[in-house]
Structures are given as C-alpha cells and as structure tokens.
>>> print(open('structure_34.txt').read())   # compact mmCIF, C-alpha atoms
# COMPACT_ATOMS: atom_id res chain seq x y z
CA MET Z 12 77.01 102.05 140.84
CA THR Z 13 75.10 99.33 142.71
CA ARG Z 14 76.69 96.09 143.91
CA ARG Z 15 74.88 94.16 141.19
CA GLN Z 16 76.06 96.60 138.50
CA THR Z 17 79.63 96.35 139.79
CA LEU Z 18 79.51 92.55 139.61
CA THR Z 19 78.08 92.62 136.09
CA ALA Z 20 80.78 95.02 134.89
CA ALA Z 21 83.55 92.93 136.46
CA LEU Z 22 82.38 89.75 134.76
CA GLY Z 23 82.24 91.58 131.42
CA GLY Z 24 82.44 89.31 128.42
CA LEU Z 25 82.10 86.14 130.49
CA ALA Z 26 78.49 86.92 131.36
CA MET Z 27 77.04 85.74 128.05
CA LEU Z 28 78.57 83.48 125.43
CA GLY Z 29 75.50 83.89 123.24
CA ALA Z 30 74.01 81.62 120.61
CA ALA Z 31 77.40 80.45 119.34
CA ALA Z 32 78.04 78.66 122.63
CA LEU Z 33 74.89 76.62 122.12
CA LEU Z 34 76.21 75.32 118.80
CA TRP Z 35 79.85 74.93 119.80
CA PRO Z 36 80.24 73.47 123.31
CA GLN Z 37 83.54 74.29 124.95
CA SER Z 38 85.95 72.65 127.33
CA ALA Z 39 86.90 75.12 130.05
CA PRO Z 40 90.57 75.10 131.12
CA ALA Z 41 91.44 73.09 134.18
CA VAL Z 42 92.38 75.17 137.22
CA ALA Z 43 95.11 74.06 139.59
CA GLY Z 44 95.18 74.79 143.29
CA ALA Z 45 91.45 74.58 144.06
CA LYS Z 46 90.76 75.29 147.74
CA PRO Z 47 87.48 73.64 148.78
CA ASP Z 48 88.26 73.57 152.52
CA ALA Z 49 85.96 76.51 153.36
CA PRO Z 50 82.47 75.42 152.27
CA PRO Z 51 80.37 78.03 150.50
CA ILE Z 52 77.23 78.92 152.48
CA ALA Z 53 74.13 80.75 151.31
CA ALA Z 54 73.09 83.81 153.26
CA SER Z 55 69.81 82.13 154.25
CA GLY Z 56 71.54 79.00 155.55
CA GLU Z 57 69.23 76.82 153.43
CA PRO Z 58 70.75 74.05 151.27
CA VAL Z 59 71.92 75.07 147.80
CA LEU Z 60 71.74 72.95 144.65
CA LEU Z 61 75.03 72.62 142.74
CA GLU Z 62 74.69 70.91 139.36
CA LEU Z 63 77.97 69.86 137.74
CA PHE Z 64 77.87 69.38 133.97
CA THR Z 65 80.80 67.11 133.24
CA SER Z 66 82.00 64.53 130.72
CA GLN Z 67 84.30 61.54 130.56
CA GLY Z 68 85.53 62.94 127.23
CA CYS Z 69 86.68 66.26 128.68
CA SER Z 70 90.28 66.51 129.89
CA SER Z 71 89.45 69.64 131.94
CA CYS Z 72 86.75 67.86 133.94
CA PRO Z 73 88.59 65.59 136.44
CA PRO Z 74 89.65 68.52 138.69
CA ALA Z 75 86.01 69.63 138.83
CA ASP Z 76 84.88 66.06 139.55
CA ARG Z 77 87.31 65.92 142.49
CA LEU Z 78 86.13 69.29 143.79
CA ALA Z 79 82.51 68.15 143.55
CA GLU Z 80 83.37 65.12 145.67
CA LYS Z 81 84.73 67.39 148.41
CA LEU Z 82 81.88 69.87 148.20
CA ALA Z 83 79.38 67.02 148.50
CA THR Z 84 80.60 66.29 152.04
CA HIS Z 85 79.06 69.56 153.26
CA PRO Z 86 75.45 69.16 154.47
CA ASN Z 87 74.38 72.59 153.23
CA LEU Z 88 75.16 71.67 149.60
CA VAL Z 89 73.14 69.35 147.35
CA VAL Z 90 75.72 68.37 144.72
CA ILE Z 91 74.45 66.53 141.65
CA ALA Z 92 76.67 65.35 138.76
CA ARG Z 93 74.98 65.67 135.36
CA PRO Z 94 77.22 64.07 132.69
CA VAL Z 95 76.47 65.41 129.20
CA THR Z 96 76.49 63.76 125.80
CA TYR Z 97 78.05 66.24 123.37
CA TRP Z 98 81.66 65.10 123.81
CA ASP Z 99 80.72 61.57 122.71
CA ARG Z 100 81.53 62.70 119.16
CA LEU Z 101 85.24 62.63 120.04
CA GLY Z 102 85.22 58.83 120.06
CA TRP Z 103 84.48 57.82 123.67
CA LYS Z 104 80.82 57.43 124.66
CA ASP Z 105 80.27 58.67 128.21
CA THR Z 106 78.84 55.74 130.15
CA LEU Z 107 76.90 57.98 132.56
CA ALA Z 108 75.70 60.74 130.21
CA ARG Z 109 72.02 61.56 129.70
CA GLU Z 110 70.43 63.63 126.96
CA ASP Z 111 68.25 65.27 129.61
CA ASN Z 112 71.40 66.68 131.24
CA THR Z 113 72.55 68.16 127.93
CA ALA Z 114 69.11 69.64 127.32
CA LEU Z 115 69.00 71.22 130.78
CA GLN Z 116 72.40 72.87 130.30
CA GLN Z 117 71.30 74.23 126.93
CA ASP Z 118 68.11 75.58 128.49
CA TYR Z 119 70.14 77.34 131.17
CA ALA Z 120 72.33 78.93 128.50
CA ARG Z 121 69.34 80.12 126.47
CA ARG Z 122 67.72 81.67 129.53
CA GLY Z 123 71.02 83.18 130.65
CA LEU Z 124 72.99 82.67 133.85
CA ALA Z 125 74.88 85.20 135.89
CA GLY Z 126 78.61 84.49 135.99
CA ARG Z 127 79.90 82.41 133.09
CA ASN Z 128 76.99 81.49 130.86
CA GLY Z 129 77.03 79.07 127.92
CA VAL Z 130 77.45 75.38 127.13
CA TYR Z 131 80.83 74.10 128.30
CA THR Z 132 82.43 71.55 130.57
CA PRO Z 133 83.07 71.52 133.39
CA GLN Z 134 80.27 73.91 134.31
CA LEU Z 135 78.79 74.18 137.79
CA VAL Z 136 75.40 75.88 138.10
CA VAL Z 137 74.25 77.33 141.44
CA ASP Z 138 70.49 77.07 142.03
CA GLY Z 139 69.81 77.55 138.32
CA ARG Z 140 70.98 81.18 138.56
CA PHE Z 141 74.79 81.35 138.39
CA GLY Z 142 77.34 79.50 136.26
CA ALA Z 143 81.06 78.96 136.94
CA VAL Z 144 83.89 76.77 135.73
CA GLY Z 145 83.46 73.68 137.88
CA SER Z 146 87.06 73.64 139.12
CA ARG Z 147 87.10 77.28 140.30
CA SER Z 148 86.26 76.92 143.98
CA GLU Z 149 86.46 80.64 144.75
CA ASP Z 150 84.01 81.52 141.96
CA ILE Z 151 81.67 78.79 143.15
CA ALA Z 152 81.80 80.02 146.73
CA ALA Z 153 81.02 83.57 145.60
CA GLY Z 154 78.12 82.31 143.49
CA VAL Z 155 76.65 80.32 146.37
CA LYS Z 156 76.89 83.28 148.73
CA ARG Z 157 75.22 85.70 146.31
CA TYR Z 158 72.80 83.53 144.36
CA GLY Z 159 72.24 80.43 146.49
CA SER Z 160 68.85 79.98 148.14
CA ALA Z 161 67.92 83.53 147.19
CA GLY Z 162 64.18 83.20 147.86
CA ASP Z 163 62.23 82.25 150.96
CA ALA Z 164 61.12 78.78 149.86
CA THR Z 165 61.94 75.81 152.10
CA ILE Z 166 61.62 72.05 152.00
CA ARG Z 167 61.23 70.02 155.19
CA THR Z 168 61.03 66.23 155.34
CA ALA Z 169 60.03 63.57 157.86
CA LYS Z 170 60.37 59.83 157.36
CA ARG Z 171 57.20 57.80 157.78
CA ASP Z 172 57.20 54.59 159.80
CA SER Z 173 55.27 52.88 157.02
CA GLY Z 174 57.83 53.93 154.40
CA GLY Z 175 58.19 57.04 152.29
CA TYR Z 176 58.37 60.62 153.48
CA ALA Z 177 56.10 63.49 154.42
CA VAL Z 178 57.30 66.69 152.75
CA SER Z 179 56.37 70.25 153.74
CA LEU Z 180 56.85 73.13 151.28
CA SER Z 181 56.62 76.80 152.20
CA GLY Z 182 57.44 80.20 150.75
CA THR Z 183 55.88 82.96 148.73
CA GLY Z 184 57.27 81.61 145.48
CA LYS Z 185 57.61 83.42 142.16
CA GLY Z 186 54.73 81.88 140.28
CA LYS Z 187 54.30 78.20 139.60
CA GLY Z 188 56.86 75.65 140.68
CA GLU Z 189 57.31 71.91 140.58
CA LEU Z 190 58.78 69.48 143.09
CA VAL Z 191 61.20 67.04 141.46
CA LEU Z 192 62.55 63.83 142.97
CA VAL Z 193 66.16 63.19 141.91
CA ALA Z 194 67.79 59.76 142.27
CA VAL Z 195 71.60 59.47 142.40
CA THR Z 196 74.39 56.96 142.82
CA ARG Z 197 76.76 58.24 145.50
CA LYS Z 198 80.03 57.17 143.85
CA VAL Z 199 80.86 55.75 140.44
CA MET Z 200 84.39 54.89 139.30
CA VAL Z 201 84.86 54.72 135.54
CA GLY Z 202 87.79 53.34 133.59
CA ILE Z 203 87.91 55.49 130.46
CA GLY Z 204 89.14 53.58 127.45
CA SER Z 205 89.91 56.33 124.92
CA GLY Z 206 89.59 60.01 124.18
CA GLU Z 207 91.12 62.90 126.13
CA ASN Z 208 90.98 60.92 129.40
CA GLY Z 209 91.87 57.57 127.88
CA GLY Z 210 93.57 55.21 130.34
CA ARG Z 211 92.38 57.14 133.42
CA GLN Z 212 90.19 56.05 136.31
CA VAL Z 213 87.85 58.91 137.18
CA GLY Z 214 85.42 59.12 140.09
CA TYR Z 215 82.00 60.77 139.88
CA THR Z 216 79.91 61.84 142.88
CA ASN Z 217 76.12 61.84 143.19
CA VAL Z 218 75.55 60.84 139.58
CA LEU Z 219 72.01 61.45 138.41
CA ARG Z 220 70.15 58.24 137.55
CA ALA Z 221 66.56 59.43 137.23
CA GLU Z 222 64.33 62.39 138.01
CA ARG Z 223 60.58 62.82 138.05
CA LYS Z 224 58.09 65.53 138.95
CA ILE Z 225 56.01 64.48 141.94
CA ALA Z 226 53.96 67.61 142.63
CA ASP Z 227 53.09 71.11 141.47
CA TRP Z 228 53.49 74.11 143.76
CA GLN Z 229 51.63 77.41 143.66
CA GLY Z 230 53.55 79.09 146.47
CA GLY Z 231 52.56 79.15 150.11
CA THR Z 232 52.37 76.08 152.33
CA ALA Z 233 51.82 72.63 150.85
CA GLN Z 234 52.07 69.02 151.98
CA VAL Z 235 53.38 66.33 149.66
CA ALA Z 236 53.87 62.60 150.16
CA VAL Z 237 56.83 60.75 148.68
CA ARG Z 238 55.71 57.14 148.44
CA ALA Z 239 58.02 54.20 149.11
CA ASP Z 240 57.50 52.89 145.57
CA GLN Z 241 58.80 56.18 144.16
CA LEU Z 242 62.14 55.44 145.83
CA LYS Z 243 62.67 52.22 143.92
CA VAL Z 244 65.11 53.29 141.20
CA VAL Z 245 67.71 50.92 139.78
CA GLY Z 246 71.19 51.96 140.91
CA ALA Z 247 69.96 54.76 143.18
CA GLU Z 248 71.57 55.11 146.61
CA ALA Z 249 70.23 58.53 147.63
CA PHE Z 250 67.48 60.96 146.72
CA ALA Z 251 67.11 64.73 146.69
CA LEU Z 252 64.12 67.01 146.34
CA VAL Z 253 64.37 70.07 144.10
CA LEU Z 254 61.70 72.78 143.98
CA ARG Z 255 62.16 74.69 140.77
CA ALA Z 256 60.38 76.75 138.14
CA PRO Z 257 58.95 74.60 135.33
CA GLY Z 258 60.79 74.42 132.05
CA SER Z 259 64.29 74.20 133.53
CA GLY Z 260 63.94 77.42 135.49
CA GLU Z 261 65.66 78.69 138.60
CA VAL Z 262 65.72 76.65 141.79
CA PHE Z 263 63.58 77.77 144.74
CA ALA Z 264 64.82 75.17 147.24
CA ALA Z 265 66.63 71.84 147.45
CA ARG Z 266 67.29 69.23 150.12
CA TRP Z 267 68.53 65.68 150.49
CA LEU Z 268 65.74 63.28 151.38
CA THR Z 269 66.85 61.95 154.76
>>> encode(input="structure_34.txt", output="structure tokens")
Amino acid sequence: MTRRQTLTAALGGLAMLGAAALLWPQSAPAVAGAKPDAPPIAASGEPVLLELFTSQGCSSCPPADRLAEKLATHPNLVVIARPVTYWDRLGWKDTLAREDNTALQQDYARRGLAGRNGVYTPQLVVDGRFGAVGSRSEDIAAGVKRYGSAGDATIRTAKRDSGGYAVSLSGTGKGKGELVLVAVTRKVMVGIGSGENGGRQVGYTNVLRAERKIADWQGGTAQVAVRADQLKVVGAEAFALVLRAPGSGEVFAARWLT
C-alpha cells in the first residue's frame, strides 16, 4: 500500500461528507489543548495559504480563531480569515461575513478536499487541497507538510519607488491560473450580541475585505505590476497575492505583498 493509500484509508469516512454537507452546514467540535508552537512548514519552504472558514455564530470557532492568530505570526504561512454567512440564520448576523467566502467553501466541498471535506465551521483549508477542523493544530501541520506548496510555482515581489509592486511569477503550472490580490484587516475585535457566542468578545486575524483578479497566468515566467491604486481598499491594512486555478481551484502559490 502506498503512502497516499495509507493516508486515505486512515481518514476513512472523514474524507468526504458528500452532498448532504452542502445542504446542512455543520459546526465542528471545539478541540482543547491546541499546540501551535511548532509552525507547520511545507516541504518546498514556500509560503502556504491557510484559509479559515469561521463564524461569529459558531461556538466551536473561537479556539480556531485563536489558533489562526498564532499561526499568522509565522512568515511561511499566509493566514486569511473568511467568515461565512450560513450561521446568520441562528439570529446573529456575522458582521464580517461575505457571501463570496461561503461560495468558495461550497466550491471546495463540491470539488473535494483531502482530509475532512464538507461545509462546516471552523474549517481550515490548506492551499485549496486539504481540509481540517480549524482548531486541530496537529492535523493542520500534517496537511501543510503534505499538501502545502505542492507544485513548483513561486511568487516574488519588489516594491517600486514610485508606488506599487513588481511581481514575478514562475513555475510549470497545471494549466491556466489567475493571480488574485487579497486585502485584509490585520485584527478585528467583535462584541457578539447574541447567538451561541452572545456576550463574548472575539478576535479575528487577517479578515478578508476584498479580492480581485489582477492577471492571468499560463505557466512559465511572467511579470505583473500591482499598481498603487489597486492597494486603496477601505479598511485594508495588508495585502496578499494568491496564484490559483480559476473557478475556486487549488492554490499554486501565495505570498504576503511586502
């Protein structure tokens, strides 16, 4: 049995939640005793995109939000919080949620992720390939090591004196890709008025504010300019670049724009 077959067998029923998970989002159980001190590192050493699907209406999410804050301190990880909308039906409307985040998570579930697939919170997705409960640090570390930065694509950036950035893309690629500029707020504290987290103050790290495609990529070497006007986003304090397959596909490369 190969290593991949062994992993698939071990994950068993968690690998696919199927169509029912798309219709009935779940709240994953909170996990105590998370140990984020040893940062997960991809075999290639390139930065890895971690997308946390979370919600103010989910009582299992605060431990994952705290873990995301710690993981975000590591320079080899691009951690983005993507609050979803489907728990708003419980009576508290998430003040940071975006329908685009919900749609992306559903697209991941339809395509199928290794690890724990489906639509649930908190879910952390590694480079669009691997899903894990967002508070399970050991599962996340294993996912980053195996699935993070799996290809040979890279992003390199250089700040221009006149403003904006020069961006270099390279790699063989796996067909067409697109370069997406992601704008985030570094830290948001929210006082939650009702619902499962009613009365709590919860902190969110690198909250997505906007994203836009700025270039197509056909593989190989390419040069892209990020203009200064593209960095003018209300509430944004930092920006990341994500090179990914179109239509919410897997991630080829990611990097903070610094």
>>> closest_residue(input="structure_34.txt", among="Z:Asp105, Z:Glu248, Z:Asp99, Z:Asp240", to="Z:Val201", atoms="all atoms listed in the file")
Z:Asp105
>>> residues_around(input="structure_34.txt", residues="Z:Val262", least_positions_apart="4", cutoff="10 Å", atoms="only C-alpha atoms", output="PDB file with C-alpha atoms, in the coordinates of the input")
ATOM      1  CA  VAL Z  59      71.920  75.070 147.800  1.00  0.00           C
ATOM      2  CA  LEU Z  60      71.740  72.950 144.650  1.00  0.00           C
ATOM      3  CA  VAL Z 137      74.250  77.330 141.440  1.00  0.00           C
ATOM      4  CA  ASP Z 138      70.490  77.070 142.030  1.00  0.00           C
ATOM      5  CA  GLY Z 139      69.810  77.550 138.320  1.00  0.00           C
ATOM      6  CA  ARG Z 140      70.980  81.180 138.560  1.00  0.00           C
ATOM      7  CA  GLY Z 159      72.240  80.430 146.490  1.00  0.00           C
ATOM      8  CA  SER Z 160      68.850  79.980 148.140  1.00  0.00           C
ATOM      9  CA  ALA Z 161      67.920  83.530 147.190  1.00  0.00           C
ATOM     10  CA  GLY Z 162      64.180  83.200 147.860  1.00  0.00           C
ATOM     11  CA  ALA Z 164      61.120  78.780 149.860  1.00  0.00           C
ATOM     12  CA  GLY Z 188      56.860  75.650 140.680  1.00  0.00           C
ATOM     13  CA  GLU Z 189      57.310  71.910 140.580  1.00  0.00           C
ATOM     14  CA  VAL Z 253      64.370  70.070 144.100  1.00  0.00           C
ATOM     15  CA  LEU Z 254      61.700  72.780 143.980  1.00  0.00           C
ATOM     16  CA  ARG Z 255      62.160  74.690 140.770  1.00  0.00           C
ATOM     17  CA  ALA Z 256      60.380  76.750 138.140  1.00  0.00           C
ATOM     18  CA  PRO Z 257      58.950  74.600 135.330  1.00  0.00           C
TER      19      PRO Z 257
END
>>> atom_distance(input="structure_34.txt", atom1="atom CA of Z:Pro73", atom2="atom CA of Z:Leu88")
19.8 Å
>>> closest_residue(input="structure_34.txt", among="Z:Leu242, Z:Val199, Z:Val144, Z:Leu268", to="Z:Pro86", atoms="only C-alpha atoms")
Z:Leu268
>>> closest_residue(input="structure_34.txt", among="Z:Gly206, Z:Val191, Z:Thr183, Z:Val235", to="Z:Phe250", atoms="only C-alpha atoms")
Z:Val191
>>> closest_residue(input="structure_34.txt", among="Z:Gln117, Z:Lys187, Z:Thr196, Z:Lys156", to="Z:Val245", atoms="only C-alpha atoms")
Z:Thr196
>>> closest_residue(input="structure_34.txt", among="Z:Arg121, Z:Ala114, Z:Thr269, Z:Leu61", to="Z:Tyr158", atoms="all atoms listed in the file")
Z:Leu61
>>> residues_around(input="structure_34.txt", residues="Z:Gly102", least_positions_apart="5", cutoff="12 Å", atoms="all atoms listed in the file", output="VMD selection string")
chain Z and resid 67 to 69 96 to 97 203 to 209
>>> atom_distance(input="structure_34.txt", atom1="atom CA of Z:Arg266", atom2="atom CA of Z:Thr65")
21.7 Å
>>> atom_distance(input="structure_34.txt", atom1="atom CA of Z:Arg171", atom2="atom CA of Z:Gln241")
13.8 Å
